[in-house]
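Take a look at the structure set out below.
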Amino acid sequence: MNEMIKNKLALLPDQPGCYLMKDRQGTIIYVGKAKVLKNRVRSYFTGSHDGKTQRLVSEIEDFEYIVTSSNIEALILELNLIKKYDPKYNVMLKDDKTYPFIKLTAERHPRLITTRKVKKDKGKYFGPYPNVSAANETKKLLDRIYPLRKCSTLPDRVCLYYHLGQCLAPCVKEVKEATYKELVEEITKFLNGGYKDIKKDLTLKMQAAAEELDFERAKDFRDKIAHIEATMEKQKMTTTDFTDRDVFGYSVDKGWMCVQVFFVRQGKLIERDISMFPIYGEAEEEFLTFLGQFYDQSNHFKPKEILLRDEVDLELAEQLLQTKVLQPKRGQKKDLVELAIKNASIALKEKFSLVERDEERTIKAVEQLGEQLGIYTPHRIEAFDNSNIQGTDPVSAMVVFIDGKPSKREYRKYKIKSVVGPDDYESMREVTRRRYSRVLKEDLPLPDLIMIDGGKGHVEAVRDILENELGLNIPITGLVKDDKHRTSQLLYGKPLEVVPLERNSQEFYLLQRIQDEVHRFAITFHRQLRGKSVFQSILDDVPGIGEKRKKQLLKAFGSVKKMKEASKEDFLSIGLPQNTIELLMKKLQE
């Protein structure tokens, strides 16, 4: 703990609020809330912690705090700060799912459709359905029972749906408004949970048709009843009413939390959502943060009722969600909450071994690598590699690993612009200059460690640009390969020396993954560029062949090699003019 943190801890107020932890670069890495700021923030720097909390504390170089007037204000402020800063140690729900609705359109000839967008267009929306297949099956069922139109635009003649009895054919027949009104009312009743009444009514109609010896009509009613039974009664009822509700249960073990959410719609448990993440504070407070994000930052529909376990602050949850929140004490609702908790506990135990194994390969390997090099834990590693064939189409590529895992959205490709011929050192200098000039200009995050696929010359070329031109002091290592093109040695220091690493250690395996990934990324980019340039350089020099004919040739022959083997008749067959064919064949032979 540094002196500045010690002084700040002594000044912490005895009030609720939020705190923001920062690393040595001033980046906010964690946002938390507290009923008593003094107690909460001090707890990070006293006593013992589990491994992941200790990692967080080891990165903290400074903190700031914001005092609020109540716990609910602190909770809402925390959610806003997490959304604003996206700290790496906070759980951030980024669920881009939008659940489907079944919609009855408000057109003159109404239709039944599934949609993921709710608009103010006078249509009737039913849902949302967390289970997409349930929405589709329900719509198919209604299409069979109720003969609304299926076409988005009216055709000029009847279609197959009319002959199947699933459409009234408003395209050629006049349909009374009263008929549509009756169908819409029945569909609305069905989707609002009254499908049992619809089934009962169809049964009476089937019996009446059978008594009148109208067996064709009776069979039609029987089929509709069978469709309802097959689609709507696959699940047992979980509650005796038709209230839409979400049931939350959570379990905590070894500093990790698993939250299970059961979606109950029209009395049926139709889907669940599972989230698992590390926590750094009290379980109940961390759960409330999750709860706020669940509806605020994702596309989950907020139902009329939410069920929670007893330990959660009920008043705080209701203020946060602005909806009815219950903590059932007995009966079916209590059983549902306990079932969600039980599922969360089982899921946590089953997956915890996988989490530990993943940490061994990633963050712990990064920590061990930092210790071996004698530097801060390199949470962000940027690795570079060059690729060319005898100096043609030279390229370079950069990959980024954060806490031992690839961050592919931050990968970058570079075409070498200033270097003529096969000069790896100058290529590396150019790319380093371009990359870190931009990082400084745009205030992007600096890496904790730079890895170069190469030896002493490559490392020194990069060091010269960073230190002498850009004034940056970032640790740089070289990754050397053996005769079989496999990771062999790690070079580091001034002067460069081989870092002794065990071949079967997780940090060595991490180096292999990084080197293989940057090489794959660079070679793939070079192949794409080379293939494109070969095709373009030959055909672009032929008069009469533009972009359209190039695509035509590539589609017909597949490659330049096959064009070279083609005859004049082959080119004539795809519609090329005689003079263009002669010029093309001459160019190909050259």
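Naming scheme: A, B, ... for chains in displayed order of the structure tokens; residues 1 onward per chain; ligands 1 onward as shown.
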So that I can check the surroundings of stretch 109-114 of chain A, please list as number ranges by chain every protein, DNA and RNA residue that reaches within 8 Å of it, counting only C-alpha atoms and ignoring chain neighbours fewer than 2 positions away. A: 100-107, 116, 135-136, 139, 143, 148-150, 170, 180
Identify, with DSSP run on backbone atoms, the residues in stretch 428-590 of chain A assigned to helix (DSSP H, G or I), and express the list as an MDAnalysis selection string. chainID A and resid 428:442 456:469 506:539 547:557 560:565 568:573 578:589
Pick out the residues sitting within 10 Å of A:Glu430, and hand them over as a list in words; count only C-alpha atoms, and ignore anything fewer than 2 positions along from it in its own chain.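 Skipping anything fewer than 2 positions along the chain leaves Ser396, Tyr414, Ile416, Lys417, Ser418, Val419, Asp424, Tyr425, Glu426, Ser427, Met428, Thr432, Arg433, Arg434, Arg435, Ala461, Val462 and Ile465 of chain A.
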As a list in words, please: every residue in stretch 330-434 of chain A that a backbone DSSP assignment puts in strand (DSSP E or B).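 Of stretch 330-434 of chain A, only Arg380, Ile381, Glu382, Ala383, Phe384, Asp385, Asn386, Ser387, Asn388, Ile389, Thr392, Asp393, Pro394, Val395, Ser396, Ala397, Met398, Val399, Val400, Phe401, Ile402, Lys405, Pro406, Arg412, Lys413, Tyr414 and Lys415 of chain A fall in strand (DSSP E or B).
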Only N, CA and C atoms, please: the residues just picked out, written as a PDB file, in the first residue's frame.
ATOM      1  N   ARG A 380      -2.000  -6.630 -19.927  1.00  0.00           N
ATOM      2  CA  ARG A 380      -2.219  -6.385 -21.356  1.00  0.00           C
ATOM      3  C   ARG A 380      -0.911  -6.628 -22.105  1.00  0.00           C
ATOM      4  N   ILE A 381      -0.935  -7.617 -23.001  1.00  0.00           N
ATOM      5  CA  ILE A 381       0.241  -7.967 -23.802  1.00  0.00           C
ATOM      6  C   ILE A 381      -0.087  -7.725 -25.274  1.00  0.00           C
ATOM      7  N   GLU A 382       0.801  -6.997 -25.970  1.00  0.00           N
ATOM      8  CA  GLU A 382       0.640  -6.787 -27.414  1.00  0.00           C
ATOM      9  C   GLU A 382       1.810  -7.461 -28.117  1.00  0.00           C
ATOM     10  N   ALA A 383       1.506  -8.308 -29.093  1.00  0.00           N
ATOM     11  CA  ALA A 383       2.540  -9.090 -29.795  1.00  0.00           C
ATOM     12  C   ALA A 383       2.517  -8.767 -31.284  1.00  0.00           C
ATOM     13  N   PHE A 384       3.726  -8.719 -31.907  1.00  0.00           N
ATOM     14  CA  PHE A 384       3.875  -8.348 -33.322  1.00  0.00           C
ATOM     15  C   PHE A 384       4.616  -9.431 -34.097  1.00  0.00           C
ATOM     16  N   ASP A 385       4.266  -9.542 -35.383  1.00  0.00           N
ATOM     17  CA  ASP A 385       4.986 -10.451 -36.289  1.00  0.00           C
ATOM     18  C   ASP A 385       4.916  -9.880 -37.694  1.00  0.00           C
ATOM     19  N   ASN A 386       5.975 -10.123 -38.487  1.00  0.00           N
ATOM     20  CA  ASN A 386       6.016  -9.693 -39.889  1.00  0.00           C
ATOM     21  C   ASN A 386       5.795 -10.876 -40.811  1.00  0.00           C
ATOM     22  N   SER A 387       5.364 -10.597 -42.041  1.00  0.00           N
ATOM     23  CA  SER A 387       5.216 -11.653 -43.042  1.00  0.00           C
ATOM     24  C   SER A 387       5.440 -11.068 -44.430  1.00  0.00           C
ATOM     25  N   ASN A 388       6.280 -11.741 -45.238  1.00  0.00           N
ATOM     26  CA  ASN A 388       6.483 -11.361 -46.643  1.00  0.00           C
ATOM     27  C   ASN A 388       7.164 -12.510 -47.361  1.00  0.00           C
ATOM     28  N   ILE A 389       7.177 -12.455 -48.675  1.00  0.00           N
ATOM     29  CA  ILE A 389       7.912 -13.440 -49.476  1.00  0.00           C
ATOM     30  C   ILE A 389       8.915 -12.673 -50.331  1.00  0.00           C
ATOM     31  N   THR A 392       8.067  -9.071 -51.099  1.00  0.00           N
ATOM     32  CA  THR A 392       6.835  -8.669 -51.803  1.00  0.00           C
ATOM     33  C   THR A 392       5.659  -8.672 -50.831  1.00  0.00           C
ATOM     34  N   ASP A 393       4.787  -7.705 -51.009  1.00  0.00           N
ATOM     35  CA  ASP A 393       3.594  -7.555 -50.172  1.00  0.00           C
ATOM     36  C   ASP A 393       3.924  -7.677 -48.683  1.00  0.00           C
ATOM     37  N   PRO A 394       4.886  -6.913 -48.160  1.00  0.00           N
ATOM     38  CA  PRO A 394       5.233  -7.039 -46.740  1.00  0.00           C
ATOM     39  C   PRO A 394       4.109  -6.533 -45.842  1.00  0.00           C
ATOM     40  N   VAL A 395       3.812  -7.291 -44.805  1.00  0.00           N
ATOM     41  CA  VAL A 395       2.773  -6.904 -43.853  1.00  0.00           C
ATOM     42  C   VAL A 395       3.266  -7.180 -42.437  1.00  0.00           C
ATOM     43  N   SER A 396       2.581  -6.593 -41.492  1.00  0.00           N
ATOM     44  CA  SER A 396       2.822  -6.896 -40.086  1.00  0.00           C
ATOM     45  C   SER A 396       1.468  -7.009 -39.405  1.00  0.00           C
ATOM     46  N   ALA A 397       1.452  -7.701 -38.276  1.00  0.00           N
ATOM     47  CA  ALA A 397       0.188  -7.878 -37.556  1.00  0.00           C
ATOM     48  C   ALA A 397       0.439  -7.778 -36.057  1.00  0.00           C
ATOM     49  N   MET A 398      -0.592  -7.325 -35.349  1.00  0.00           N
ATOM     50  CA  MET A 398      -0.521  -7.226 -33.895  1.00  0.00           C
ATOM     51  C   MET A 398      -1.724  -7.927 -33.281  1.00  0.00           C
ATOM     52  N   VAL A 399      -1.469  -8.739 -32.250  1.00  0.00           N
ATOM     53  CA  VAL A 399      -2.558  -9.343 -31.491  1.00  0.00           C
ATOM     54  C   VAL A 399      -2.471  -8.842 -30.053  1.00  0.00           C
ATOM     55  N   VAL A 400      -3.603  -8.852 -29.371  1.00  0.00           N
ATOM     56  CA  VAL A 400      -3.664  -8.371 -27.985  1.00  0.00           C
ATOM     57  C   VAL A 400      -4.206  -9.487 -27.099  1.00  0.00           C
ATOM     58  N   PHE A 401      -3.498  -9.757 -26.006  1.00  0.00           N
ATOM     59  CA  PHE A 401      -3.963 -10.701 -24.998  1.00  0.00           C
ATOM     60  C   PHE A 401      -4.183  -9.932 -23.696  1.00  0.00           C
ATOM     61  N   ILE A 402      -5.383 -10.042 -23.133  1.00  0.00           N
ATOM     62  CA  ILE A 402      -5.708  -9.393 -21.863  1.00  0.00           C
ATOM     63  C   ILE A 402      -5.965 -10.483 -20.824  1.00  0.00           C
ATOM     64  N   LYS A 405      -5.969 -13.967 -22.275  1.00  0.00           N
ATOM     65  CA  LYS A 405      -6.967 -14.355 -23.278  1.00  0.00           C
ATOM     66  C   LYS A 405      -6.921 -13.398 -24.456  1.00  0.00           C
ATOM     67  N   PRO A 406      -7.086 -13.903 -25.679  1.00  0.00           N
ATOM     68  CA  PRO A 406      -7.045 -13.021 -26.852  1.00  0.00           C
ATOM     69  C   PRO A 406      -8.230 -12.063 -26.879  1.00  0.00           C
ATOM     70  N   ARG A 412      -4.840  -5.829 -34.950  1.00  0.00           N
ATOM     71  CA  ARG A 412      -4.616  -4.845 -36.018  1.00  0.00           C
ATOM     72  C   ARG A 412      -3.717  -5.424 -37.102  1.00  0.00           C
ATOM     73  N   LYS A 413      -3.995  -5.006 -38.376  1.00  0.00           N
ATOM     74  CA  LYS A 413      -3.181  -5.401 -39.533  1.00  0.00           C
ATOM     75  C   LYS A 413      -2.480  -4.164 -40.083  1.00  0.00           C
ATOM     76  N   TYR A 414      -1.273  -4.355 -40.599  1.00  0.00           N
ATOM     77  CA  TYR A 414      -0.511  -3.226 -41.146  1.00  0.00           C
ATOM     78  C   TYR A 414       0.106  -3.612 -42.493  1.00  0.00           C
ATOM     79  N   LYS A 415      -0.126  -2.773 -43.507  1.00  0.00           N
ATOM     80  CA  LYS A 415       0.634  -2.887 -44.751  1.00  0.00           C
ATOM     81  C   LYS A 415       1.895  -2.042 -44.593  1.00  0.00           C
TER      82      LYS A 415
END
If we count only C-alpha atoms and set the cut-off at 10 Å, which residues sit around A:Asn473, ignoring sequence neighbours fewer than 4 positions away in its own chain? Please answer as number ranges by chain. A: 448, 463, 466-468
Those selected residues, please, written with all heavy atoms and delivered as a PDB file, in the first residue's frame.
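Output below, filename out.pdb:
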ATOM      1  N   ASP A 448       1.251  -3.544 -20.984  1.00  0.00           N
ATOM      2  CA  ASP A 448       2.178  -3.784 -19.875  1.00  0.00           C
ATOM      3  C   ASP A 448       3.418  -4.522 -20.369  1.00  0.00           C
ATOM      4  O   ASP A 448       4.448  -4.516 -19.699  1.00  0.00           O
ATOM      5  CB  ASP A 448       1.493  -4.624 -18.793  1.00  0.00           C
ATOM      6  CG  ASP A 448       0.245  -3.933 -18.252  1.00  0.00           C
ATOM      7  OD1 ASP A 448       0.380  -2.796 -17.781  1.00  0.00           O
ATOM      8  OD2 ASP A 448      -0.846  -4.520 -18.331  1.00  0.00           O
ATOM      9  N   ARG A 463      12.797  -1.190 -29.450  1.00  0.00           N
ATOM     10  CA  ARG A 463      13.208  -0.408 -28.288  1.00  0.00           C
ATOM     11  C   ARG A 463      13.680   0.990 -28.700  1.00  0.00           C
ATOM     12  O   ARG A 463      13.398   1.993 -28.034  1.00  0.00           O
ATOM     13  CB  ARG A 463      14.313  -1.139 -27.529  1.00  0.00           C
ATOM     14  CG  ARG A 463      14.479  -0.603 -26.102  1.00  0.00           C
ATOM     15  CD  ARG A 463      15.801  -1.055 -25.474  1.00  0.00           C
ATOM     16  NE  ARG A 463      16.071  -2.446 -25.585  1.00  0.00           N
ATOM     17  CZ  ARG A 463      15.609  -3.392 -24.755  1.00  0.00           C
ATOM     18  NH1 ARG A 463      14.816  -3.044 -23.756  1.00  0.00           N
ATOM     19  NH2 ARG A 463      15.938  -4.651 -24.913  1.00  0.00           N
ATOM     20  N   LEU A 466      10.566   3.147 -29.425  1.00  0.00           N
ATOM     21  CA  LEU A 466       9.796   3.454 -28.216  1.00  0.00           C
ATOM     22  C   LEU A 466      10.518   4.451 -27.315  1.00  0.00           C
ATOM     23  O   LEU A 466       9.937   5.452 -26.877  1.00  0.00           O
ATOM     24  CB  LEU A 466       9.508   2.172 -27.431  1.00  0.00           C
ATOM     25  CG  LEU A 466       8.489   1.198 -28.025  1.00  0.00           C
ATOM     26  CD1 LEU A 466       8.358  -0.029 -27.141  1.00  0.00           C
ATOM     27  CD2 LEU A 466       7.132   1.849 -28.195  1.00  0.00           C
ATOM     28  N   GLU A 467      11.787   4.174 -27.024  1.00  0.00           N
ATOM     29  CA  GLU A 467      12.501   4.980 -26.034  1.00  0.00           C
ATOM     30  C   GLU A 467      13.051   6.280 -26.613  1.00  0.00           C
ATOM     31  O   GLU A 467      12.930   7.344 -26.000  1.00  0.00           O
ATOM     32  CB  GLU A 467      13.622   4.147 -25.414  1.00  0.00           C
ATOM     33  CG  GLU A 467      13.094   2.943 -24.623  1.00  0.00           C
ATOM     34  CD  GLU A 467      14.206   2.130 -23.981  1.00  0.00           C
ATOM     35  OE1 GLU A 467      15.400   2.501 -24.152  1.00  0.00           O
ATOM     36  OE2 GLU A 467      13.901   1.117 -23.312  1.00  0.00           O
ATOM     37  N   ASN A 468      13.661   6.200 -27.811  1.00  0.00           N
ATOM     38  CA  ASN A 468      14.341   7.377 -28.354  1.00  0.00           C
ATOM     39  C   ASN A 468      13.428   8.318 -29.129  1.00  0.00           C
ATOM     40  O   ASN A 468      13.657   9.532 -29.165  1.00  0.00           O
ATOM     41  CB  ASN A 468      15.512   6.940 -29.243  1.00  0.00           C
ATOM     42  CG  ASN A 468      16.550   6.158 -28.453  1.00  0.00           C
ATOM     43  OD1 ASN A 468      16.721   6.389 -27.256  1.00  0.00           O
ATOM     44  ND2 ASN A 468      17.229   5.229 -29.106  1.00  0.00           N
TER      45      ASN A 468
END
Which residue is closest to A:Lys333? Choose from A:Thr243, A:Gln528, A:Ser48, A:Asn71 and count only C-alpha atoms.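 Among A:Thr243, A:Gln528, A:Ser48, A:Asn71, it is A:Thr243 that comes nearest to A:Lys333.
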Quick one: residues within 12 Å of A:Leu81, only C-alpha atoms counted, chain neighbours fewer than 3 positions away excluded, as a ChimeraX atom specification? /A:17-21,28-33,65-66,74-78,84-87,90,92,289,293
Residues of stretch 471-490 of chain A within 12 Å of stretch 501-523 of chain A: nearest atom pair and distance (Å, one decimal) for each, counting only C-alpha atoms, sorted by chain and number, as a Markdown table?
| residue | atom | partner | partner_atom | distance |
| --- | --- | --- | --- | --- |
| A:Thr477 | CA | A:Leu511 | CA | 10.7 |
| A:Gly478 | CA | A:Gln515 | CA | 10.2 |
| A:Leu479 | CA | A:Gln515 | CA | 7.3 |
| A:Val480 | CA | A:Gln515 | CA | 9.4 |
| A:Lys481 | CA | A:Gln515 | CA | 9.3 |
| A:His485 | CA | A:Asp516 | CA | 9.8 |
| A:Arg486 | CA | A:Gln512 | CA | 7.8 |
| A:Thr487 | CA | A:Gln512 | CA | 5.7 |
| A:Ser488 | CA | A:Gln512 | CA | 8.9 |
| A:Gln489 | CA | A:Leu501 | CA | 8.3 |
| A:Leu490 | CA | A:Leu501 | CA | 8.1 |
File dump, residues just selected, N, CA and C atoms, as a compact mmCIF listing (two decimals), in the first residue's frame:
# COMPACT_ATOMS: atom_id res chain seq x y z
N THR A 477 9.98 -8.03 -25.01
CA THR A 477 10.60 -9.35 -25.05
C THR A 477 10.65 -9.85 -26.50
N GLY A 478 11.58 -10.76 -26.75
CA GLY A 478 11.67 -11.41 -28.06
C GLY A 478 11.31 -12.88 -27.93
N LEU A 479 10.54 -13.39 -28.87
CA LEU A 479 10.15 -14.80 -28.90
C LEU A 479 10.93 -15.49 -30.02
N VAL A 480 11.82 -16.38 -29.66
CA VAL A 480 12.68 -17.07 -30.63
C VAL A 480 12.14 -18.47 -30.87
N LYS A 481 12.15 -18.89 -32.15
CA LYS A 481 11.66 -20.24 -32.50
C LYS A 481 12.83 -21.16 -32.79
N HIS A 485 10.20 -24.49 -36.02
CA HIS A 485 9.29 -23.35 -35.99
C HIS A 485 8.38 -23.38 -34.76
N ARG A 486 8.91 -23.87 -33.64
CA ARG A 486 8.16 -23.88 -32.39
C ARG A 486 8.81 -22.93 -31.39
N THR A 487 8.01 -22.40 -30.46
CA THR A 487 8.53 -21.49 -29.45
C THR A 487 9.68 -22.14 -28.70
N SER A 488 10.81 -21.44 -28.66
CA SER A 488 12.00 -22.03 -28.05
C SER A 488 12.50 -21.22 -26.86
N GLN A 489 12.68 -19.89 -27.04
CA GLN A 489 13.27 -19.08 -25.98
C GLN A 489 12.55 -17.73 -25.86
N LEU A 490 12.63 -17.18 -24.64
CA LEU A 490 12.13 -15.84 -24.38
C LEU A 490 13.31 -14.96 -24.01
Separation of atom CA of A:Glu59 from atom CA of A:Lys22 in Å: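 Interatomic distance, atom CA of A:Lys22 to atom CA of A:Glu59: 7.7 Å.
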